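Q: Pasting a structure below so you can have a look.
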Amino acid sequence: MEEVRLQKFLAEAGVASRRKAEELISSGRVSVNGLVVTGMGLKVSPKDRIEVDGKVITQEENKVYIMLNKPVGYVTTVKDQFSRPTVIDLAKDIKERVYPVGRLDYDTSGLILLTNDGEFAYRFTHPKHEVEKCYIAEVKGTPSQLDIENFETGLEIEDFTTAPAKLKVLNKERYSSQVEIIIHEGRNRQVRKMCEAIGHPVLKLKRIAIGKLKLDTLPEGKWRKLTYKELKLID
Ligand code: URA
């Protein structure tokens with residue numbers, strides 16, 4: 001029977017992404033055959049009795065890949081410390097134990113993926129993947145040509161310089177504009193910070209695409225499984 005590292009076992013069982021599984025282990029929430037394990041080296045097989053918070057974990061064979069159109073006012077964690085609604089509340093009718101891939105702010109809407117495939121979540125959110133993410137934002141005022149160029153060359157945000165990004169003005173109103181923004185990174189509140197840095201703070205933000213996956217007509221608050229074709233596109 002194949003042995004794999006504990007964190008990989010947990011990720012494959014759909015408990016959490018590999019990174020989160022490592023956190024579960026180091027915080028002492030995982031036991032193997034009755035003993036709490038906090039180090040990362042241990043190899044396990046399905047013959048071992050693995051528990052997280054006292055709950056026995058079995059390998060889940062059905063991998064599911066979901067896209068959800070998150071409304072504003074939901075967090076993209078499985079549980080929230082302030083008991084705010086989570087995207088998992090919107091996916092209650094999915095029988096597998098899914099969790100979000102990456103994140104969107106509480107006040108951002110749009111495309112988020114859910115899965116029980118920890119390896120997929122790990123690969124997809126790894127910085128070296130650099131998947132392109134497309135947002136539609138309403139920003140204060142109207143970004144100038146210089147702002148667009150600064151987006152392309154990189155902006156100083158706190159302690160780092162952003163990778164080349166695109167900004168296109170789609171529509172101008174009197175006091176605000178609708179813009180399309182494409183970034184390849186996923187730092188915390190990155191789009192908001194970039195817009196702040198050019199002096200055009202975000203008023204409203206929606207993610208409409210991740211790589212070749214597009215939200216299209218999926219209604220807000222609803223989810224659907226990715227098609228076979230879409231899965232091939234992102235693999
Ligand atoms: N950038 C942000 O500022 N917020 C998001 O939710 C996603 C990207």
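As shown in the structure tokens, the chain order sets the letters A, B, ...; within each chain, residues go from 1, and ligands are also counted from 1 in the order they appear.
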7 Å from ligand 1 is the threshold here; counting only C-alpha atoms and all ligand atoms, which polymer residues fall inside it? Answer as a PyMOL selection string.
A: chain A and resi 103-105+108+186+188-193
Q: Those selected residues, please, written with C-alpha atoms and delivered as a PDB file, in the first residue's frame.
A:
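Once everything was written out, this is again.pdb:
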```pdb
ATOM      1  CA  ARG A 103      -9.272  33.978  -1.650  1.00  0.00           C
ATOM      2  CA  LEU A 104     -11.380  37.020  -2.370  1.00  0.00           C
ATOM      3  CA  ASP A 105     -11.963  39.859   0.077  1.00  0.00           C
ATOM      4  CA  THR A 108     -15.140  41.678  -3.388  1.00  0.00           C
ATOM      5  CA  GLY A 186      -2.370  37.394  -5.492  1.00  0.00           C
ATOM      6  CA  ASN A 188      -3.598  40.413   0.117  1.00  0.00           C
ATOM      7  CA  ARG A 189      -5.902  43.165  -1.210  1.00  0.00           C
ATOM      8  CA  GLN A 190      -3.509  43.690  -4.092  1.00  0.00           C
ATOM      9  CA  VAL A 191      -5.897  45.301  -6.585  1.00  0.00           C
ATOM     10  CA  ARG A 192      -7.192  47.675  -3.936  1.00  0.00           C
ATOM     11  CA  LYS A 193      -3.656  48.637  -2.908  1.00  0.00           C
TER      12      LYS A 193
END
```
Q: Write out as number ranges by chain all residues of stretch 64-231 of chain A that backbone DSSP assigns to strand (DSSP E or B).
A: A: 65-70, 75, 86, 99-101, 108-115, 133-140, 156-157, 160-161, 166-172, 176-183, 202-210, 213-214, 223-225
Q: Identify, on the basis of only C-alpha atoms, every residue whose closest approach to A:Thr86 does not exceed 7 Å; exclude the query and any residue fewer than 6 positions from it along the same chain; express the result as a PyMOL selection string.
A: chain A and resi 74-79
Q: Quick one: residues within 8 Å of stretch 153-167 of chain A, only C-alpha atoms counted, chain neighbours fewer than 3 positions away excluded, as an mmCIF file with all heavy atoms, in the first residue's frame?
A:
```cif
data_model
loop_
_atom_site.group_PDB
_atom_site.id
_atom_site.type_symbol
_atom_site.label_atom_id
_atom_site.label_comp_id
_atom_site.auth_asym_id
_atom_site.auth_seq_id
_atom_site.Cartn_x
_atom_site.Cartn_y
_atom_site.Cartn_z
ATOM 1 N N ILE A 148 -1.762 54.102 -16.190
ATOM 2 C CA ILE A 148 -1.780 52.833 -16.934
ATOM 3 C C ILE A 148 -0.345 52.334 -17.123
ATOM 4 O O ILE A 148 -0.045 51.154 -16.914
ATOM 5 C CB ILE A 148 -2.503 53.022 -18.295
ATOM 6 C CG1 ILE A 148 -3.988 53.312 -18.037
ATOM 7 C CG2 ILE A 148 -2.317 51.807 -19.203
ATOM 8 C CD1 ILE A 148 -4.788 53.720 -19.237
ATOM 9 N N GLU A 149 0.546 53.282 -17.451
ATOM 10 C CA GLU A 149 1.964 52.907 -17.625
ATOM 11 C C GLU A 149 2.580 52.453 -16.307
ATOM 12 O O GLU A 149 3.355 51.494 -16.276
ATOM 13 C CB GLU A 149 2.755 54.077 -18.218
ATOM 14 C CG GLU A 149 2.481 54.226 -19.706
ATOM 15 C CD GLU A 149 2.866 55.591 -20.239
ATOM 16 O OE1 GLU A 149 3.687 56.289 -19.607
ATOM 17 O OE2 GLU A 149 2.320 55.976 -21.299
ATOM 18 N N ASN A 150 2.215 53.116 -15.227
ATOM 19 C CA ASN A 150 2.738 52.711 -13.911
ATOM 20 C C ASN A 150 2.264 51.313 -13.524
ATOM 21 O O ASN A 150 2.994 50.562 -12.898
ATOM 22 C CB ASN A 150 2.344 53.726 -12.837
ATOM 23 C CG ASN A 150 3.158 54.996 -12.956
ATOM 24 O OD1 ASN A 150 4.243 54.979 -13.528
ATOM 25 N ND2 ASN A 150 2.622 56.096 -12.464
ATOM 26 N N VAL A 179 -13.121 50.076 -14.804
ATOM 27 C CA VAL A 179 -11.853 49.667 -15.412
ATOM 28 C C VAL A 179 -11.730 48.153 -15.398
ATOM 29 O O VAL A 179 -12.357 47.470 -14.577
ATOM 30 C CB VAL A 179 -10.628 50.274 -14.671
ATOM 31 C CG1 VAL A 179 -10.650 51.785 -14.709
ATOM 32 C CG2 VAL A 179 -10.545 49.799 -13.230
ATOM 33 N N GLU A 180 -10.901 47.649 -16.334
ATOM 34 C CA GLU A 180 -10.562 46.226 -16.312
ATOM 35 C C GLU A 180 -9.118 46.138 -15.831
ATOM 36 O O GLU A 180 -8.252 46.869 -16.313
ATOM 37 C CB GLU A 180 -10.688 45.647 -17.714
ATOM 38 C CG GLU A 180 -10.384 44.174 -17.768
ATOM 39 C CD GLU A 180 -10.252 43.688 -19.198
ATOM 40 O OE1 GLU A 180 -9.143 43.840 -19.755
ATOM 41 O OE2 GLU A 180 -11.241 43.188 -19.752
ATOM 42 N N ILE A 181 -8.864 45.236 -14.888
ATOM 43 C CA ILE A 181 -7.518 45.089 -14.331
ATOM 44 C C ILE A 181 -7.089 43.637 -14.445
ATOM 45 O O ILE A 181 -7.862 42.734 -14.098
ATOM 46 C CB ILE A 181 -7.491 45.546 -12.857
ATOM 47 C CG1 ILE A 181 -7.683 47.065 -12.795
ATOM 48 C CG2 ILE A 181 -6.181 45.145 -12.165
ATOM 49 C CD1 ILE A 181 -7.913 47.626 -11.418
ATOM 50 N N ILE A 182 -5.877 43.421 -14.944
ATOM 51 C CA ILE A 182 -5.359 42.047 -15.012
ATOM 52 C C ILE A 182 -4.060 41.982 -14.217
ATOM 53 O O ILE A 182 -3.125 42.746 -14.483
ATOM 54 C CB ILE A 182 -5.131 41.608 -16.474
ATOM 55 C CG1 ILE A 182 -6.478 41.588 -17.205
ATOM 56 C CG2 ILE A 182 -4.474 40.218 -16.525
ATOM 57 C CD1 ILE A 182 -6.385 41.271 -18.680
ATOM 58 N N ILE A 183 -4.018 41.081 -13.232
ATOM 59 C CA ILE A 183 -2.785 40.890 -12.456
ATOM 60 C C ILE A 183 -2.423 39.401 -12.459
ATOM 61 O O ILE A 183 -3.275 38.550 -12.715
ATOM 62 C CB ILE A 183 -2.880 41.407 -10.995
ATOM 63 C CG1 ILE A 183 -3.965 40.661 -10.200
ATOM 64 C CG2 ILE A 183 -3.106 42.893 -10.953
ATOM 65 C CD1 ILE A 183 -3.931 40.972 -8.705
ATOM 66 N N HIS A 184 -1.137 39.141 -12.166
ATOM 67 C CA HIS A 184 -0.681 37.744 -12.140
ATOM 68 C C HIS A 184 -0.362 37.287 -10.733
ATOM 69 O O HIS A 184 -0.036 36.140 -10.512
ATOM 70 C CB HIS A 184 0.584 37.581 -13.001
ATOM 71 C CG HIS A 184 0.323 37.824 -14.437
ATOM 72 N ND1 HIS A 184 0.322 39.081 -14.977
ATOM 73 C CD2 HIS A 184 0.013 36.981 -15.436
ATOM 74 C CE1 HIS A 184 0.039 39.000 -16.257
ATOM 75 N NE2 HIS A 184 -0.152 37.737 -16.564
ATOM 76 N N GLU A 185 -0.417 38.222 -9.793
ATOM 77 C CA GLU A 185 -0.068 37.871 -8.415
ATOM 78 C C GLU A 185 -1.342 37.833 -7.577
ATOM 79 O O GLU A 185 -2.408 38.151 -8.055
ATOM 80 C CB GLU A 185 0.879 38.933 -7.848
ATOM 81 C CG GLU A 185 2.146 39.046 -8.630
ATOM 82 C CD GLU A 185 2.860 40.353 -8.366
ATOM 83 O OE1 GLU A 185 2.244 41.419 -8.510
ATOM 84 O OE2 GLU A 185 4.032 40.290 -8.015
ATOM 85 N N LYS A 193 -4.869 47.883 -3.240
ATOM 86 C CA LYS A 193 -3.656 48.637 -2.908
ATOM 87 C C LYS A 193 -3.058 49.283 -4.159
ATOM 88 O O LYS A 193 -2.548 50.403 -4.106
ATOM 89 C CB LYS A 193 -2.623 47.716 -2.246
ATOM 90 C CG LYS A 193 -3.009 47.355 -0.821
ATOM 91 C CD LYS A 193 -2.036 46.383 -0.213
ATOM 92 C CE LYS A 193 -2.499 45.924 1.152
ATOM 93 N NZ LYS A 193 -1.763 44.749 1.629
ATOM 94 N N MET A 194 -3.122 48.595 -5.290
ATOM 95 C CA MET A 194 -2.566 49.158 -6.531
ATOM 96 C C MET A 194 -3.365 50.388 -6.955
ATOM 97 O O MET A 194 -2.801 51.398 -7.389
ATOM 98 C CB MET A 194 -2.550 48.098 -7.646
ATOM 99 C CG MET A 194 -1.527 46.999 -7.412
ATOM 100 S SD MET A 194 -1.615 45.674 -8.631
ATOM 101 C CE MET A 194 -0.742 46.404 -10.007
ATOM 102 N N ALA A 197 -2.572 53.191 -4.808
ATOM 103 C CA ALA A 197 -1.238 53.733 -5.098
ATOM 104 C C ALA A 197 -1.248 54.722 -6.272
ATOM 105 O O ALA A 197 -0.411 55.613 -6.339
ATOM 106 C CB ALA A 197 -0.258 52.590 -5.381
#
```
Q: For stretch 92-192 of chain A against stretch 201-211 of chain A, with a cut-off of 8 Å and counting only C-alpha atoms, what is the closest atom pair and its distance in Å to one decimal for every residue that makes the cut, ordered by chain and number, as JSON lines?
A:
```
{"residue": "A:Asp107", "atom": "CA", "partner": "A:Leu205", "partner_atom": "CA", "distance": 7.7}
{"residue": "A:Thr108", "atom": "CA", "partner": "A:Leu205", "partner_atom": "CA", "distance": 5.2}
{"residue": "A:Ser109", "atom": "CA", "partner": "A:Lys206", "partner_atom": "CA", "distance": 4.7}
{"residue": "A:Gly110", "atom": "CA", "partner": "A:Arg207", "partner_atom": "CA", "distance": 4.7}
{"residue": "A:Leu111", "atom": "CA", "partner": "A:Arg207", "partner_atom": "CA", "distance": 5.5}
{"residue": "A:Val131", "atom": "CA", "partner": "A:Gly211", "partner_atom": "CA", "distance": 5.5}
{"residue": "A:Glu132", "atom": "CA", "partner": "A:Gly211", "partner_atom": "CA", "distance": 4.9}
{"residue": "A:Lys133", "atom": "CA", "partner": "A:Ile210", "partner_atom": "CA", "distance": 4.5}
{"residue": "A:Cys134", "atom": "CA", "partner": "A:Ala209", "partner_atom": "CA", "distance": 5.0}
{"residue": "A:Tyr135", "atom": "CA", "partner": "A:Arg207", "partner_atom": "CA", "distance": 4.2}
{"residue": "A:Ile136", "atom": "CA", "partner": "A:Lys206", "partner_atom": "CA", "distance": 5.3}
{"residue": "A:Ala137", "atom": "CA", "partner": "A:Leu205", "partner_atom": "CA", "distance": 4.5}
{"residue": "A:Glu138", "atom": "CA", "partner": "A:Lys204", "partner_atom": "CA", "distance": 5.0}
{"residue": "A:Val139", "atom": "CA", "partner": "A:Val202", "partner_atom": "CA", "distance": 4.4}
{"residue": "A:Lys140", "atom": "CA", "partner": "A:Pro201", "partner_atom": "CA", "distance": 5.6}
{"residue": "A:Arg192", "atom": "CA", "partner": "A:Val202", "partner_atom": "CA", "distance": 5.7}
```
Q: How would the residues just picked look written out with N, CA, C and O atoms as a compact mmCIF listing (two decimals), in the first residue's frame?
A:
```txt
# COMPACT_ATOMS: atom_id res chain seq x y z
N ASP A 107 -15.39 42.14 0.79
CA ASP A 107 -16.12 43.15 0.02
C ASP A 107 -15.87 43.05 -1.50
O ASP A 107 -16.18 43.97 -2.25
N THR A 108 -15.31 41.92 -1.95
CA THR A 108 -15.14 41.68 -3.39
C THR A 108 -16.13 40.58 -3.80
O THR A 108 -16.37 39.65 -3.03
N SER A 109 -16.66 40.70 -5.01
CA SER A 109 -17.56 39.65 -5.51
C SER A 109 -16.87 38.90 -6.66
O SER A 109 -15.77 39.26 -7.07
N GLY A 110 -17.53 37.85 -7.14
CA GLY A 110 -17.06 37.19 -8.35
C GLY A 110 -16.51 35.80 -8.19
O GLY A 110 -16.80 35.09 -7.21
N LEU A 111 -15.67 35.46 -9.16
CA LEU A 111 -15.25 34.06 -9.35
C LEU A 111 -14.30 33.54 -8.29
O LEU A 111 -13.22 34.08 -8.06
N VAL A 131 -1.09 32.48 -12.40
CA VAL A 131 -2.32 32.48 -13.22
C VAL A 131 -2.84 33.91 -13.33
O VAL A 131 -2.88 34.64 -12.32
N GLU A 132 -3.25 34.28 -14.53
CA GLU A 132 -3.75 35.64 -14.76
C GLU A 132 -5.15 35.78 -14.17
O GLU A 132 -5.99 34.89 -14.36
N LYS A 133 -5.39 36.86 -13.44
CA LYS A 133 -6.73 37.07 -12.87
C LYS A 133 -7.27 38.39 -13.38
O LYS A 133 -6.56 39.39 -13.39
N CYS A 134 -8.52 38.36 -13.82
CA CYS A 134 -9.11 39.55 -14.43
C CYS A 134 -10.23 40.09 -13.54
O CYS A 134 -11.10 39.33 -13.10
N TYR A 135 -10.19 41.38 -13.30
CA TYR A 135 -11.16 42.04 -12.42
C TYR A 135 -11.84 43.19 -13.16
O TYR A 135 -11.21 43.85 -14.00
N ILE A 136 -13.09 43.43 -12.80
CA ILE A 136 -13.75 44.67 -13.22
C ILE A 136 -13.91 45.49 -11.94
O ILE A 136 -14.43 44.98 -10.95
N ALA A 137 -13.42 46.73 -12.00
CA ALA A 137 -13.49 47.57 -10.80
C ALA A 137 -14.15 48.90 -11.13
O ALA A 137 -14.05 49.40 -12.25
N GLU A 138 -14.83 49.43 -10.14
CA GLU A 138 -15.26 50.81 -10.23
C GLU A 138 -14.29 51.58 -9.36
O GLU A 138 -14.08 51.20 -8.20
N VAL A 139 -13.63 52.57 -9.93
CA VAL A 139 -12.65 53.33 -9.16
C VAL A 139 -13.03 54.81 -9.12
O VAL A 139 -13.77 55.29 -9.99
N LYS A 140 -12.52 55.48 -8.14
CA LYS A 140 -12.76 56.92 -8.01
C LYS A 140 -12.01 57.66 -9.13
O LYS A 140 -10.84 57.32 -9.40
N ARG A 192 -6.82 46.47 -4.69
CA ARG A 192 -7.19 47.68 -3.94
C ARG A 192 -5.97 48.54 -3.64
O ARG A 192 -6.01 49.77 -3.79
```
Q: Could you pull the residues within 7 Å of A:Thr38, counting only C-alpha atoms, minus those fewer than 5 positions along the same chain, as a PDB file with C-alpha atoms, in the first residue's frame?
A:
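Everything below was put into selection.pdb:
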```
ATOM      1  CA  ILE A  25      -0.230  19.336  11.795  1.00  0.00           C
ATOM      2  CA  SER A  26       2.085  21.889  13.371  1.00  0.00           C
ATOM      3  CA  SER A  27      -0.716  23.182  15.593  1.00  0.00           C
ATOM      4  CA  GLY A  28      -1.131  19.696  17.067  1.00  0.00           C
TER       5      GLY A  28
END
```
Q: Quick one: residues within 12 Å of A:Val56, only C-alpha atoms counted, chain neighbours fewer than 3 positions away excluded, as a list in words?
A: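 Residues meeting the cut-off are Leu10, Ala13, Val15, Arg29, Val30, Ser31, Val32, Asn33, Gly34, Pro46, Asp48, Arg49, Ile50, Glu51, Val52, Asp53 and Gln59 of chain A.
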Q: Counting only C-alpha atoms, which of A:Ile198, A:Val101, A:Leu6, A:Ile57 gets nearest to A:Ala121?
A: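 Checking each of A:Ile198, A:Val101, A:Leu6, A:Ile57 against A:Ala121, counting only C-alpha atoms, the winner is A:Val101.
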Q: Ranking A:Ser83, A:Thr142, A:Pro71, A:Tyr122 by minimum distance to A:Tyr175 and counting only C-alpha atoms, which one comes first?
A: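 Result for the nearest residue to A:Tyr175: A:Thr142.
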Q: Compile the contact shell of A:Leu226 as an mmCIF file with N, CA, C and O atoms, in the first residue's frame: residues with an atom at most 7 Å away, counting only C-alpha atoms, same-chain residues fewer than 5 positions apart removed.
A:
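Generated output (selection_0.cif):
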```cif
data_model
loop_
_atom_site.group_PDB
_atom_site.id
_atom_site.type_symbol
_atom_site.label_atom_id
_atom_site.label_comp_id
_atom_site.auth_asym_id
_atom_site.auth_seq_id
_atom_site.Cartn_x
_atom_site.Cartn_y
_atom_site.Cartn_z
ATOM 1 N N TYR A 65 -14.652 19.935 -8.658
ATOM 2 C CA TYR A 65 -14.092 21.255 -8.993
ATOM 3 C C TYR A 65 -15.282 22.159 -9.335
ATOM 4 O O TYR A 65 -16.013 21.888 -10.287
ATOM 5 N N ILE A 66 -15.417 23.206 -8.521
ATOM 6 C CA ILE A 66 -16.625 24.036 -8.581
ATOM 7 C C ILE A 66 -16.231 25.480 -8.847
ATOM 8 O O ILE A 66 -15.219 25.950 -8.298
ATOM 9 N N MET A 67 -17.036 26.194 -9.649
ATOM 10 C CA MET A 67 -16.875 27.660 -9.679
ATOM 11 C C MET A 67 -18.090 28.283 -9.015
ATOM 12 O O MET A 67 -19.211 27.814 -9.190
ATOM 13 N N LEU A 231 -11.682 21.901 -17.120
ATOM 14 C CA LEU A 231 -10.637 21.272 -16.309
ATOM 15 C C LEU A 231 -9.363 21.064 -17.102
ATOM 16 O O LEU A 231 -8.263 21.255 -16.609
#
```
